[in-house]
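Here is the structure we will look at.
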There are 2 protein chains.
Amino acid sequence: MRATDHELIADFRARCSERGLAVTHQRTVIYKALMDSRHHPSPEEVYRRVRRQIPSISLGTVYKNIRIFIDHGLLREASPHHGCARLEINLEPHHHLVCLRCRAIVDLDDEAVEPVRLKSRPPAGFRVERCLVEVLGVCEKCSRRK
Amino acid sequence: MRATDHELIADFRARCSERGLAVTHQRTVIYKALMDSRHHPSPEEVYRRVRRQIPSISLGTVYKNIRIFIDHGLLREASPHHGCARLEINLEPHHHLVCLRCRAIVDLDDEAVEPVRLKSRPPAGFRVERCLVEVLGVCEKCSRRK
DNA sequence: TGACAAACGATAATAATTCTCCTTTAATGG
DNA sequence: CCATTAAAGGAGAATTATTATCGTTTGTCA
């Protein structure tokens, strides 16, 4: 099921040249490290992995390439509102409307969304506390400017 | 519909003494600033608001109290995975299982969740890109330890 | 192969957050 | 009320995450 390294790298080269990105050794190893991680790594984690193959790589290069990958759609940030803590005053069940540009968060009444229904049971041992729906998009203000 | 300042503060005092928290001037003003903000403020934003009433307040105090409010359930973090960037390799539509303790994120197949249905239309001008379900809880590993 | 833009590495800078330590204040019990 | 004491506040250093700068190196493409 998993692509071979060779396929992975061929694919990477193609995606780079489509976008006019140079295929450097560092970039390739970073990409592979990302694709090899099953979960949702942080930049630090990627850096640690990559350093096993290129001990001299700079953390800045990892950050720069992650940013480039995100900007070119090879990758995404798992959290639509990352950067600084955002506080939730409303403790009643409710959902969120999140702008991917300015990161504004607007509450959505619980009744505004059909109840979330899981078809399969979550992994054994995971105690579900609540389900949050995040409607992601671009707010009016942001879609007007540019 | 909105509680008066007086009610708000009486309520705050009650919640503090229930939990053995001292009711200080700073703490009260921070609480009020939080409750007065309609959206999802960052600590910096709270600091800016509070400083209008207590210009000498320290940013550390604001952070400390926000943490205390969160720990005592008076407040929540809007983002279940905040702290450092988390990267999303899987670009196919899917959802997340998030541990509130260790912040682990596990992907949930798109088919594992009934499609999200909004009962009401999002605010005019908001262009919806996708809907993400975050199933929040405590993972097996974390619920075992303590 | 050579020119040139793009990428890299080192490191400084910035932003967000926590920690330390000393001083002040709220709670409480006489 | 007043004294005691633990909790809280303030100043600022420290830490962590991230971005920017700048001189050097390396892909890309003619």
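Letters for chains follow the order of the structure tokens (A, B, ...), residue numbers begin at 1 for each chain, and ligand numbers begin at 1 in the order shown.
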
Practice item. Apply DSSP to the backbone of this structure and, from chain B, keep only the residues in strand (DSSP E or B); write these as a PyMOL selection string. Key: chain B and resi 76-77+87-88+94-99+105-109+113+118+127-138

Check your understanding: If we count only C-alpha atoms (C1' of nucleotides), what is near Arg127 in chain A at a cut-off of 12 Å, once residues fewer than 2 positions away on the same chain are taken out, given as a PyMOL selection string?
Key -> (chain A and resi 121-125+129-131) or (chain B and resi 97-101+135-144)

Practice item. Quick one: everything within 10 Å of Thr61 in chain B, counting only C-alpha atoms (C1' of nucleotides), minus sequence neighbours fewer than 3 positions away in the same chain. Send it as an MDAnalysis selection string. Key: (chainID B and resid 26:27 30 47 57:58 64:67) or (chainID D and resid 8:10)

Atoms kept (C-alpha atoms (C1' of nucleotides)) for selection, written as a JSON list (two decimals), in the first residue's frame:
[["chain", "number", "residue", "atom", "x", "y", "z"],
["B", 26, "GLN", "CA", -6.52, 42.40, 39.19],
["B", 27, "ARG", "CA", -8.21, 39.05, 38.99],
["B", 30, "ILE", "CA", -9.21, 40.28, 34.12],
["B", 47, "TYR", "CA", -3.81, 42.45, 28.70],
["B", 57, "ILE", "CA", -0.71, 45.45, 35.73],
["B", 58, "SER", "CA", 1.95, 43.02, 34.62],
["B", 64, "LYS", "CA", -1.03, 33.50, 35.34],
["B", 65, "ASN", "CA", -4.68, 34.23, 35.88],
["B", 66, "ILE", "CA", -5.75, 32.96, 32.51],
["B", 67, "ARG", "CA", -3.97, 29.70, 33.34],
["D", 8, "DA", "C1'", -1.15, 36.76, 44.49],
["D", 9, "DG", "C1'", 1.18, 40.63, 42.18],
["D", 10, "DG", "C1'", 5.18, 43.03, 39.73]]

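The spacing separating C1' of DG27 in chain D from CA of Leu21 in chain A amounts to 9.7 Å.
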
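Between chain A and the residues C:DT17, C:DA12, C:DG2, C:DA27, the shortest atom-to-atom distance, using only C-alpha atoms (C1' of nucleotides), involves C:DT17.
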
**Study point:** For Arg49 in chain A: contacts at 10 Å, only C-alpha atoms (C1' of nucleotides), fewer than 6 positions along chain excluded, given as a list in words
**Key:** Val29, Ile30, Lys32, Ala33, Leu34, Asp36, Ser37, Pro43 and Pro55 of chain A

Can those selected residues be exported to a file as an mmCIF file, in the first residue's frame so that it contains C-alpha atoms?
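Contents of selection17.cif, as written:
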data_model
loop_
_atom_site.group_PDB
_atom_site.id
_atom_site.type_symbol
_atom_site.label_atom_id
_atom_site.label_comp_id
_atom_site.auth_asym_id
_atom_site.auth_seq_id
_atom_site.Cartn_x
_atom_site.Cartn_y
_atom_site.Cartn_z
ATOM 1 C CA VAL A 29 14.915 14.662 3.089
ATOM 2 C CA ILE A 30 12.503 17.010 4.862
ATOM 3 C CA LYS A 32 10.468 12.298 3.110
ATOM 4 C CA ALA A 33 10.600 12.776 6.871
ATOM 5 C CA LEU A 34 7.205 14.402 6.741
ATOM 6 C CA ASP A 36 7.151 8.999 6.792
ATOM 7 C CA SER A 37 5.574 10.301 9.979
ATOM 8 C CA PRO A 43 8.613 21.371 13.085
ATOM 9 C CA PRO A 55 23.278 16.289 10.996
#

Practice item. For chain B, work out the contacting residues on chain A at 7 Å, counting only C-alpha atoms, and write them as a PyMOL selection string. Key: chain A and resi 35+39-43+75-79+81-82+84-89+105-106+112-114+116-120+125-140

Exercise for review: Define the interface residues of chain D facing chain B as those within 12 Å, counting only C-alpha atoms (C1' of nucleotides), and report them as a PyMOL selection string.
Suggested key: chain D and resi 6-12+16-18

Any chance you can output those residues with N, CA and C atoms (P, O5', C5', C4', C3', O3' and C1' of nucleotides) as a PDB file, in the first residue's frame?
ATOM      1  P    DA D   6       1.722  29.603  55.654  1.00  0.00           P
ATOM      2  O5'  DA D   6       0.844  29.094  54.436  1.00  0.00           O
ATOM      3  C5'  DA D   6      -0.578  29.034  54.572  1.00  0.00           C
ATOM      4  C4'  DA D   6      -1.223  29.707  53.365  1.00  0.00           C
ATOM      5  C3'  DA D   6      -0.620  29.301  52.019  1.00  0.00           C
ATOM      6  O3'  DA D   6      -1.685  29.131  51.097  1.00  0.00           O
ATOM      7  C1'  DA D   6      -0.499  31.646  52.253  1.00  0.00           C
ATOM      8  P    DA D   7      -1.419  28.652  49.634  1.00  0.00           P
ATOM      9  O5'  DA D   7      -2.056  29.825  48.775  1.00  0.00           O
ATOM     10  C5'  DA D   7      -3.261  30.459  49.204  1.00  0.00           C
ATOM     11  C4'  DA D   7      -3.393  31.770  48.472  1.00  0.00           C
ATOM     12  C3'  DA D   7      -3.105  31.669  46.972  1.00  0.00           C
ATOM     13  O3'  DA D   7      -4.118  32.378  46.304  1.00  0.00           O
ATOM     14  C1'  DA D   7      -1.719  33.320  47.946  1.00  0.00           C
ATOM     15  P    DA D   8      -4.126  32.503  44.755  1.00  0.00           P
ATOM     16  O5'  DA D   8      -3.502  33.937  44.510  1.00  0.00           O
ATOM     17  C5'  DA D   8      -4.158  35.065  45.074  1.00  0.00           C
ATOM     18  C4'  DA D   8      -3.429  36.330  44.678  1.00  0.00           C
ATOM     19  C3'  DA D   8      -3.091  36.430  43.192  1.00  0.00           C
ATOM     20  O3'  DA D   8      -3.484  37.712  42.747  1.00  0.00           O
ATOM     21  C1'  DA D   8      -1.149  36.761  44.492  1.00  0.00           C
ATOM     22  P    DG D   9      -3.200  38.211  41.313  1.00  0.00           P
ATOM     23  O5'  DG D   9      -2.019  39.242  41.550  1.00  0.00           O
ATOM     24  C5'  DG D   9      -2.272  40.393  42.356  1.00  0.00           C
ATOM     25  C4'  DG D   9      -1.063  41.301  42.319  1.00  0.00           C
ATOM     26  C3'  DG D   9      -0.564  41.611  40.902  1.00  0.00           C
ATOM     27  O3'  DG D   9      -0.305  43.003  40.799  1.00  0.00           O
ATOM     28  C1'  DG D   9       1.181  40.626  42.178  1.00  0.00           C
ATOM     29  P    DG D  10       0.144  43.615  39.431  1.00  0.00           P
ATOM     30  O5'  DG D  10       1.715  43.740  39.602  1.00  0.00           O
ATOM     31  C5'  DG D  10       2.248  44.570  40.635  1.00  0.00           C
ATOM     32  C4'  DG D  10       3.737  44.761  40.422  1.00  0.00           C
ATOM     33  C3'  DG D  10       4.132  45.025  38.970  1.00  0.00           C
ATOM     34  O3'  DG D  10       5.158  46.021  38.994  1.00  0.00           O
ATOM     35  C1'  DG D  10       5.183  43.028  39.728  1.00  0.00           C
ATOM     36  P    DA D  11       5.743  46.624  37.675  1.00  0.00           P
ATOM     37  O5'  DA D  11       7.178  45.930  37.608  1.00  0.00           O
ATOM     38  C5'  DA D  11       8.034  45.968  38.764  1.00  0.00           C
ATOM     39  C4'  DA D  11       9.356  45.312  38.419  1.00  0.00           C
ATOM     40  C3'  DA D  11       9.785  45.534  36.972  1.00  0.00           C
ATOM     41  O3'  DA D  11      11.166  45.869  36.952  1.00  0.00           O
ATOM     42  C1'  DA D  11       9.595  43.203  37.424  1.00  0.00           C
ATOM     43  P    DG D  12      11.920  46.190  35.582  1.00  0.00           P
ATOM     44  O5'  DG D  12      12.655  44.832  35.228  1.00  0.00           O
ATOM     45  C5'  DG D  12      13.294  44.091  36.287  1.00  0.00           C
ATOM     46  C4'  DG D  12      13.525  42.675  35.819  1.00  0.00           C
ATOM     47  C3'  DG D  12      14.006  42.577  34.365  1.00  0.00           C
ATOM     48  O3'  DG D  12      14.990  41.568  34.308  1.00  0.00           O
ATOM     49  C1'  DG D  12      12.224  41.165  34.678  1.00  0.00           C
ATOM     50  P    DT D  16      13.066  25.488  27.014  1.00  0.00           P
ATOM     51  O5'  DT D  16      11.959  25.846  25.936  1.00  0.00           O
ATOM     52  C5'  DT D  16      10.667  26.253  26.370  1.00  0.00           C
ATOM     53  C4'  DT D  16       9.832  26.589  25.164  1.00  0.00           C
ATOM     54  C3'  DT D  16      10.183  25.819  23.886  1.00  0.00           C
ATOM     55  O3'  DT D  16       8.962  25.429  23.283  1.00  0.00           O
ATOM     56  C1'  DT D  16      10.312  28.134  23.473  1.00  0.00           C
ATOM     57  P    DA D  17       8.939  24.581  21.953  1.00  0.00           P
ATOM     58  O5'  DA D  17       8.491  25.668  20.897  1.00  0.00           O
ATOM     59  C5'  DA D  17       7.221  26.292  21.048  1.00  0.00           C
ATOM     60  C4'  DA D  17       7.057  27.292  19.931  1.00  0.00           C
ATOM     61  C3'  DA D  17       7.338  26.733  18.527  1.00  0.00           C
ATOM     62  O3'  DA D  17       6.230  27.090  17.711  1.00  0.00           O
ATOM     63  C1'  DA D  17       8.607  28.695  18.895  1.00  0.00           C
ATOM     64  P    DT D  18       6.257  26.720  16.137  1.00  0.00           P
ATOM     65  O5'  DT D  18       6.948  28.025  15.553  1.00  0.00           O
ATOM     66  C5'  DT D  18       6.304  29.287  15.809  1.00  0.00           C
ATOM     67  C4'  DT D  18       7.101  30.381  15.141  1.00  0.00           C
ATOM     68  C3'  DT D  18       7.440  30.120  13.679  1.00  0.00           C
ATOM     69  O3'  DT D  18       6.699  31.064  12.908  1.00  0.00           O
ATOM     70  C1'  DT D  18       9.253  31.073  14.870  1.00  0.00           C
TER      71       DT D  18
END

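Near DA3 in chain D, within a cut-off of 12 Å and counting only C-alpha atoms (C1' of nucleotides), sit the residues C:DT28, C:DG29, C:DG30, with same-chain residues fewer than 3 positions away left out.
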
Practice item. Would you please extract all alpha helix (DSSP H) residues from range 1-135 of chain A, as assigned by DSSP on the backbone, and give them as JSON, numbers by chain? Key: {"A": [5, 6, 7, 8, 9, 10, 11, 12, 13, 14, 15, 16, 17, 18, 19, 25, 26, 27, 28, 29, 30, 31, 32, 33, 34, 35, 36, 43, 44, 45, 46, 47, 48, 49, 50, 51, 52, 53, 59, 60, 61, 62, 63, 64, 65, 66, 67, 68, 69, 70, 71]}

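Residue list for chain C within 12 Å of chain B: DA15, DA16, DT17, DT18, DC19, DT20, DT24, DT25, DA26 and DA27 of chain C, counting only C-alpha atoms (C1' of nucleotides).
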
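You will find CA of His72 in chain A at 7.5 Å from CA of Arg19 in chain A.
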
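The coordinates place C1' of DC4 in chain C at 10.0 Å from C1' of DC29 in chain D.
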